[in-house]
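Single-structure report; data block below.
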Amino acid sequence: MKVAIFGATGRTGRELVCQSLGRGYDVVAYARDPSRISSESPCLTKKAGKLDSRQSLRIAIEGCDCVLSALGPMGKQGDEELCDGIANILSVMEEYGVVRFIALSTTSAQDISDIESFRTKLRRGMIRRGRPTSYEQIVRYSQLIRDSSCGWTLVRIASILTDKPLSKQVRAGYLGRDSFRNTLSRADLAWFMLEQVESNEYLRKAPALSN
Ligand SMILES: NC(=O)c1ccc[n+]([C@@H]2O[C@H](COP(=O)([O-])OP(=O)(O)OC[C@H]3O[C@@H](n4cnc5c(N)ncnc54)[C@H](OP(=O)(O)O)[C@@H]3O)[C@@H](O)[C@H]2O)c1
């Protein structure tokens, strides 16, 4: 199994790289500054590139069985490039016939299976007002992924991210239907994303996730 990982320098992305190597996958880790990826392995290729460089994206994606994205807004300059960047990834995937795409999102991106409550509307409104660019990018790129022809899974973070160790104890479901805890460890988030690589359980679905 060969996977390409975007956002590989991020805290979730680094977990994805490390756990992918642990599963015996061949990994292409794509980042603006790959020297910040500390993992080392003969199965790991670090690829430098920006999300607007189609040629670099081609080199990273060609021959992969699955693409994983831990890209996400950081509340600073560059966030507004994410949507176009993900559009480029999807386009290069289509060009090379790479179908499976597992991407990080958040519950700011609503799902048809969610049942909206006053609390979830209030929370979404607060995020929208507090971090408008991040909110807009997450909603836009999640829709872009849903509208694509690839075999997508959107893993929507429903809680505050932590750096607690891997527990493999996660709750996946839909707002208003299932109950969620207040936190989600990045290790468990990465683990759940990797569980989807060889599974169709959440194909073209967008489960919300917490510990
Ligand atoms: N903290 C929380 O409790 C919480 C809750 C809900 C949702 N979230 C969201 O969850 C996401 C993942 O969390 P995290 O802690 O793993 O994030 P993180 O450590 O901030 O990592 C974000 C990754 O996205 C990349 N990235 C962002 N903008 C980019 C751009 N324009 N071009 C290329 N790469 C770009 C970063 O690359 P560089 O390293 O090159 O900058 C980095 O690899 C974040 O977007 C965050 O907003 C967080």
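Each chain in the structure tokens gets a letter, A, B and so on, in the order shown; residues start at 1 in every chain, and ligands are counted from 1 in the order they appear.
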For ligand 1, list the contacting residues at 8 Å or closer, counting only C-alpha atoms and all ligand atoms, as a PDB file with C-alpha atoms, in the first residue's frame.
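part_10.pdb was written with the following content:
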ATOM      1  CA  PHE A   6      -0.573  16.161   2.825  1.00  0.00           C
ATOM      2  CA  GLY A   7      -0.108  18.399   5.848  1.00  0.00           C
ATOM      3  CA  ALA A   8       2.631  16.006   6.936  1.00  0.00           C
ATOM      4  CA  THR A   9       4.346  18.661   9.101  1.00  0.00           C
ATOM      5  CA  GLY A  10       1.203  19.270  11.171  1.00  0.00           C
ATOM      6  CA  ARG A  11       0.568  17.611  14.514  1.00  0.00           C
ATOM      7  CA  THR A  12      -2.018  15.215  13.044  1.00  0.00           C
ATOM      8  CA  GLY A  13       0.009  14.827   9.850  1.00  0.00           C
ATOM      9  CA  ALA A  31       5.085  19.549   2.864  1.00  0.00           C
ATOM     10  CA  ARG A  32       6.226  23.106   2.268  1.00  0.00           C
ATOM     11  CA  ASP A  33       9.245  22.386   4.491  1.00  0.00           C
ATOM     12  CA  ARG A  36      10.310  19.508   9.739  1.00  0.00           C
ATOM     13  CA  LYS A  50       3.370  23.915  -2.316  1.00  0.00           C
ATOM     14  CA  LEU A  51      -0.256  23.123  -2.999  1.00  0.00           C
ATOM     15  CA  ALA A  70      -4.242  16.445   7.432  1.00  0.00           C
ATOM     16  CA  LEU A  71      -4.314  19.937   5.951  1.00  0.00           C
ATOM     17  CA  GLY A  72      -6.273  22.462   7.920  1.00  0.00           C
ATOM     18  CA  PRO A  73      -6.425  26.171   8.650  1.00  0.00           C
ATOM     19  CA  MET A  74      -4.043  27.471  11.278  1.00  0.00           C
ATOM     20  CA  GLY A  75      -5.628  30.896  11.799  1.00  0.00           C
ATOM     21  CA  GLN A  77      -1.862  33.822   6.417  1.00  0.00           C
ATOM     22  CA  GLY A  78      -1.999  30.988   3.893  1.00  0.00           C
ATOM     23  CA  ASP A  79      -5.298  29.586   5.157  1.00  0.00           C
ATOM     24  CA  GLU A  80      -7.109  31.145   2.206  1.00  0.00           C
ATOM     25  CA  GLU A  81      -4.996  28.968  -0.163  1.00  0.00           C
ATOM     26  CA  LEU A  82      -6.315  25.687   1.243  1.00  0.00           C
ATOM     27  CA  GLY A  85      -4.827  23.549  -2.910  1.00  0.00           C
ATOM     28  CA  LEU A 104      -9.624  15.870   7.752  1.00  0.00           C
ATOM     29  CA  SER A 105     -12.505  18.273   8.230  1.00  0.00           C
ATOM     30  CA  THR A 106     -14.521  19.550  11.169  1.00  0.00           C
ATOM     31  CA  SER A 134     -10.847  29.126   8.735  1.00  0.00           C
ATOM     32  CA  ILE A 157     -13.318  16.642  14.173  1.00  0.00           C
ATOM     33  CA  ALA A 158     -16.105  17.159  16.727  1.00  0.00           C
ATOM     34  CA  SER A 159     -13.958  18.058  19.740  1.00  0.00           C
ATOM     35  CA  ILE A 160     -10.820  19.774  21.029  1.00  0.00           C
ATOM     36  CA  LEU A 161      -7.651  18.091  19.761  1.00  0.00           C
ATOM     37  CA  THR A 162      -5.126  16.799  22.290  1.00  0.00           C
ATOM     38  CA  THR A 183     -11.663  15.811  23.328  1.00  0.00           C
ATOM     39  CA  ARG A 186      -4.494  13.471  17.277  1.00  0.00           C
TER      40      ARG A 186
END
**OP:** Mind checking which residues fall within 10 Å of Val170 in chain A, counting only C-alpha atoms, ignoring those fewer than 5 positions away in the same chain, and posting them as a list of chain:residue names?
**Re:** A:Phe180, A:Arg181, A:Leu184, A:Ser185, A:Asp188, A:Leu189, A:Trp191, A:Phe192, A:Leu209, A:Ser210, A:Asn211
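Taking CA of Asp26 in chain A and CA of Val98 in chain A as endpoints, the distance between them is 15.3 Å.
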Subject >> strand (DSSP E or B) call set, DSSP backbone run, range 41-129 of chain A, as a PyMOL selection string >> reply: chain A and resi 44-48+66-69+100-106
Selected residues written out with N, CA and C atoms, as a PDB file, in the first residue's frame:
ATOM      1  N   LEU A  44       9.901   5.888   3.520  1.00  0.00           N
ATOM      2  CA  LEU A  44       9.380   7.261   3.548  1.00  0.00           C
ATOM      3  C   LEU A  44      10.103   8.151   2.537  1.00  0.00           C
ATOM      4  N   THR A  45       9.317   8.791   1.665  1.00  0.00           N
ATOM      5  CA  THR A  45       9.858   9.800   0.756  1.00  0.00           C
ATOM      6  C   THR A  45       9.308  11.148   1.185  1.00  0.00           C
ATOM      7  N   LYS A  46      10.209  12.103   1.443  1.00  0.00           N
ATOM      8  CA  LYS A  46       9.760  13.447   1.809  1.00  0.00           C
ATOM      9  C   LYS A  46       9.794  14.305   0.566  1.00  0.00           C
ATOM     10  N   LYS A  47       8.669  14.914   0.262  1.00  0.00           N
ATOM     11  CA  LYS A  47       8.571  15.683  -0.978  1.00  0.00           C
ATOM     12  C   LYS A  47       8.245  17.139  -0.640  1.00  0.00           C
ATOM     13  N   ALA A  48       9.107  18.040  -1.088  1.00  0.00           N
ATOM     14  CA  ALA A  48       8.862  19.464  -0.848  1.00  0.00           C
ATOM     15  C   ALA A  48       7.978  20.029  -1.946  1.00  0.00           C
ATOM     16  N   CYS A  66      -3.788   5.628  -2.180  1.00  0.00           N
ATOM     17  CA  CYS A  66      -4.683   6.437  -1.346  1.00  0.00           C
ATOM     18  C   CYS A  66      -3.992   7.755  -1.013  1.00  0.00           C
ATOM     19  N   VAL A  67      -4.774   8.814  -0.924  1.00  0.00           N
ATOM     20  CA  VAL A  67      -4.258  10.126  -0.510  1.00  0.00           C
ATOM     21  C   VAL A  67      -4.933  10.515   0.804  1.00  0.00           C
ATOM     22  N   LEU A  68      -4.110  10.953   1.750  1.00  0.00           N
ATOM     23  CA  LEU A  68      -4.647  11.397   3.049  1.00  0.00           C
ATOM     24  C   LEU A  68      -4.313  12.871   3.237  1.00  0.00           C
ATOM     25  N   SER A  69      -5.271  13.634   3.727  1.00  0.00           N
ATOM     26  CA  SER A  69      -5.015  15.048   3.990  1.00  0.00           C
ATOM     27  C   SER A  69      -5.218  15.379   5.456  1.00  0.00           C
ATOM     28  N   ARG A 100      -8.986   6.870  -3.898  1.00  0.00           N
ATOM     29  CA  ARG A 100      -9.335   6.982  -2.468  1.00  0.00           C
ATOM     30  C   ARG A 100      -8.721   8.231  -1.841  1.00  0.00           C
ATOM     31  N   PHE A 101      -9.567   9.027  -1.178  1.00  0.00           N
ATOM     32  CA  PHE A 101      -9.127  10.274  -0.532  1.00  0.00           C
ATOM     33  C   PHE A 101      -9.754  10.363   0.852  1.00  0.00           C
ATOM     34  N   ILE A 102      -8.899  10.430   1.847  1.00  0.00           N
ATOM     35  CA  ILE A 102      -9.385  10.522   3.231  1.00  0.00           C
ATOM     36  C   ILE A 102      -8.873  11.843   3.801  1.00  0.00           C
ATOM     37  N   ALA A 103      -9.820  12.718   4.129  1.00  0.00           N
ATOM     38  CA  ALA A 103      -9.414  14.078   4.484  1.00  0.00           C
ATOM     39  C   ALA A 103     -10.006  14.515   5.811  1.00  0.00           C
ATOM     40  N   LEU A 104      -9.203  15.303   6.489  1.00  0.00           N
ATOM     41  CA  LEU A 104      -9.624  15.870   7.752  1.00  0.00           C
ATOM     42  C   LEU A 104     -10.553  17.060   7.503  1.00  0.00           C
ATOM     43  N   SER A 105     -11.603  17.128   8.274  1.00  0.00           N
ATOM     44  CA  SER A 105     -12.505  18.273   8.230  1.00  0.00           C
ATOM     45  C   SER A 105     -12.972  18.506   9.671  1.00  0.00           C
ATOM     46  N   THR A 106     -13.962  19.348   9.827  1.00  0.00           N
ATOM     47  CA  THR A 106     -14.521  19.550  11.169  1.00  0.00           C
ATOM     48  C   THR A 106     -16.038  19.622  11.062  1.00  0.00           C
TER      49      THR A 106
END
Subject >> Polymer residues at most 9 Å from range 1-3 of chain A, only C-alpha atoms, same-chain spacing of 4 or more positions, as a list in words >> reply: Ser20, Gly24, Tyr25, Asp26, Val27, Val28, Ala29, Ile61, Gly63, Cys64, Asp65, Cys66, Val67, Leu68 and Val197 of chain A
**OP:** Please provide the set of residues having any atom within 8 Å of Glu62 in chain A, restricted to only C-alpha atoms, with same-chain residues fewer than 2 positions apart removed, written as a ChimeraX atom specification.
**Re:** /A:58-60,64,93,96,98
Save the residues we just selected, N, CA, C and O atoms, as a PDB file, in the first residue's frame?
ATOM      1  N   ARG A  58       1.978  16.094  -8.830  1.00  0.00           N
ATOM      2  CA  ARG A  58       1.982  14.906  -9.706  1.00  0.00           C
ATOM      3  C   ARG A  58       3.005  13.889  -9.220  1.00  0.00           C
ATOM      4  O   ARG A  58       2.724  12.699  -9.134  1.00  0.00           O
ATOM      5  N   ILE A  59       4.220  14.382  -8.907  1.00  0.00           N
ATOM      6  CA  ILE A  59       5.293  13.477  -8.468  1.00  0.00           C
ATOM      7  C   ILE A  59       4.880  12.768  -7.173  1.00  0.00           C
ATOM      8  O   ILE A  59       5.138  11.584  -6.985  1.00  0.00           O
ATOM      9  N   ALA A  60       4.188  13.499  -6.283  1.00  0.00           N
ATOM     10  CA  ALA A  60       3.791  12.909  -5.000  1.00  0.00           C
ATOM     11  C   ALA A  60       2.655  11.900  -5.152  1.00  0.00           C
ATOM     12  O   ALA A  60       2.639  10.864  -4.486  1.00  0.00           O
ATOM     13  N   CYS A  64       0.155   6.249  -6.178  1.00  0.00           N
ATOM     14  CA  CYS A  64      -0.356   6.003  -4.812  1.00  0.00           C
ATOM     15  C   CYS A  64      -1.710   5.288  -4.857  1.00  0.00           C
ATOM     16  O   CYS A  64      -2.480   5.445  -5.791  1.00  0.00           O
ATOM     17  N   MET A  93      -5.263  13.795  -8.645  1.00  0.00           N
ATOM     18  CA  MET A  93      -5.722  12.419  -8.364  1.00  0.00           C
ATOM     19  C   MET A  93      -6.517  11.882  -9.554  1.00  0.00           C
ATOM     20  O   MET A  93      -6.318  10.751  -9.984  1.00  0.00           O
ATOM     21  N   TYR A  96      -4.357  10.917 -12.501  1.00  0.00           N
ATOM     22  CA  TYR A  96      -3.599   9.667 -12.374  1.00  0.00           C
ATOM     23  C   TYR A  96      -4.474   8.475 -11.957  1.00  0.00           C
ATOM     24  O   TYR A  96      -3.951   7.402 -11.650  1.00  0.00           O
ATOM     25  N   VAL A  98      -6.105   7.997  -9.236  1.00  0.00           N
ATOM     26  CA  VAL A  98      -6.033   7.654  -7.804  1.00  0.00           C
ATOM     27  C   VAL A  98      -7.387   8.021  -7.196  1.00  0.00           C
ATOM     28  O   VAL A  98      -7.822   9.172  -7.279  1.00  0.00           O
TER      29      VAL A  98
END
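Distance annotation: of A:Gln19, A:Trp152, A:Ala172, A:Asp111, the residue with the minimal separation from Ser199 in chain A is A:Trp152; atom set is only C-alpha atoms.
Nearest to Glu116 in chain A of all the residues A:Tyr174, A:Tyr135, A:Tyr141, A:Tyr202 is A:Tyr174, based on only C-alpha atoms.
One finds CA of Gly176 in chain A at 20.7 Å from CA of Gln143 in chain A.
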Original post:
From the set A:Tyr30, A:Asp52, A:Arg14, A:Arg204, which residue has the shortest atom-to-atom contact distance to Arg146 in chain A, counting only C-alpha atoms?
Top reply: A:Arg204
Subject >> Distance in Å - CA of Glu198 in chain A versus CA of Arg23 in chain A >> reply: 11.7 Å
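Counting only C-alpha atoms, the residue from A:Arg140, A:Ala4, A:Cys43, A:Leu175 that sits nearest to Lys121 in chain A is A:Leu175.
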**OP:** Once DSSP has gone over the backbone, tell me which residues of range 5-193 of chain A are in alpha helix (DSSP H), as a PyMOL selection string.
**Re:** chain A and resi 11-22+54-61+82-96+118-130+132-147+186-193
Original post:
Near Ala187 in chain A, within 7 Å and counting only C-alpha atoms, which residues show up once chain neighbours fewer than 6 positions away are dropped, as a list in words?
Top reply: Glu15, Pro165 and Leu166 of chain A
Residues just named, written with all heavy atoms as a compact mmCIF listing (two decimals), in the first residue's frame:
# COMPACT_ATOMS: atom_id res chain seq x y z
N GLU A 15 1.51 12.31 12.99
CA GLU A 15 0.94 11.04 13.48
C GLU A 15 0.60 10.12 12.30
O GLU A 15 0.84 8.91 12.35
CB GLU A 15 -0.33 11.29 14.29
CG GLU A 15 -0.10 11.68 15.72
CD GLU A 15 0.45 10.53 16.57
OE1 GLU A 15 0.30 9.36 16.20
OE2 GLU A 15 1.05 10.82 17.61
N PRO A 165 -1.84 9.91 24.14
CA PRO A 165 -1.40 8.75 23.36
C PRO A 165 -2.56 8.00 22.71
O PRO A 165 -3.73 8.18 23.08
CB PRO A 165 -0.69 7.86 24.39
CG PRO A 165 -1.05 8.38 25.72
CD PRO A 165 -1.55 9.77 25.57
N LEU A 166 -2.18 7.14 21.78
CA LEU A 166 -3.17 6.34 21.03
C LEU A 166 -3.95 5.44 21.98
O LEU A 166 -3.37 4.72 22.79
CB LEU A 166 -2.41 5.49 20.01
CG LEU A 166 -3.24 4.59 19.10
CD1 LEU A 166 -4.10 5.42 18.16
CD2 LEU A 166 -2.33 3.67 18.29
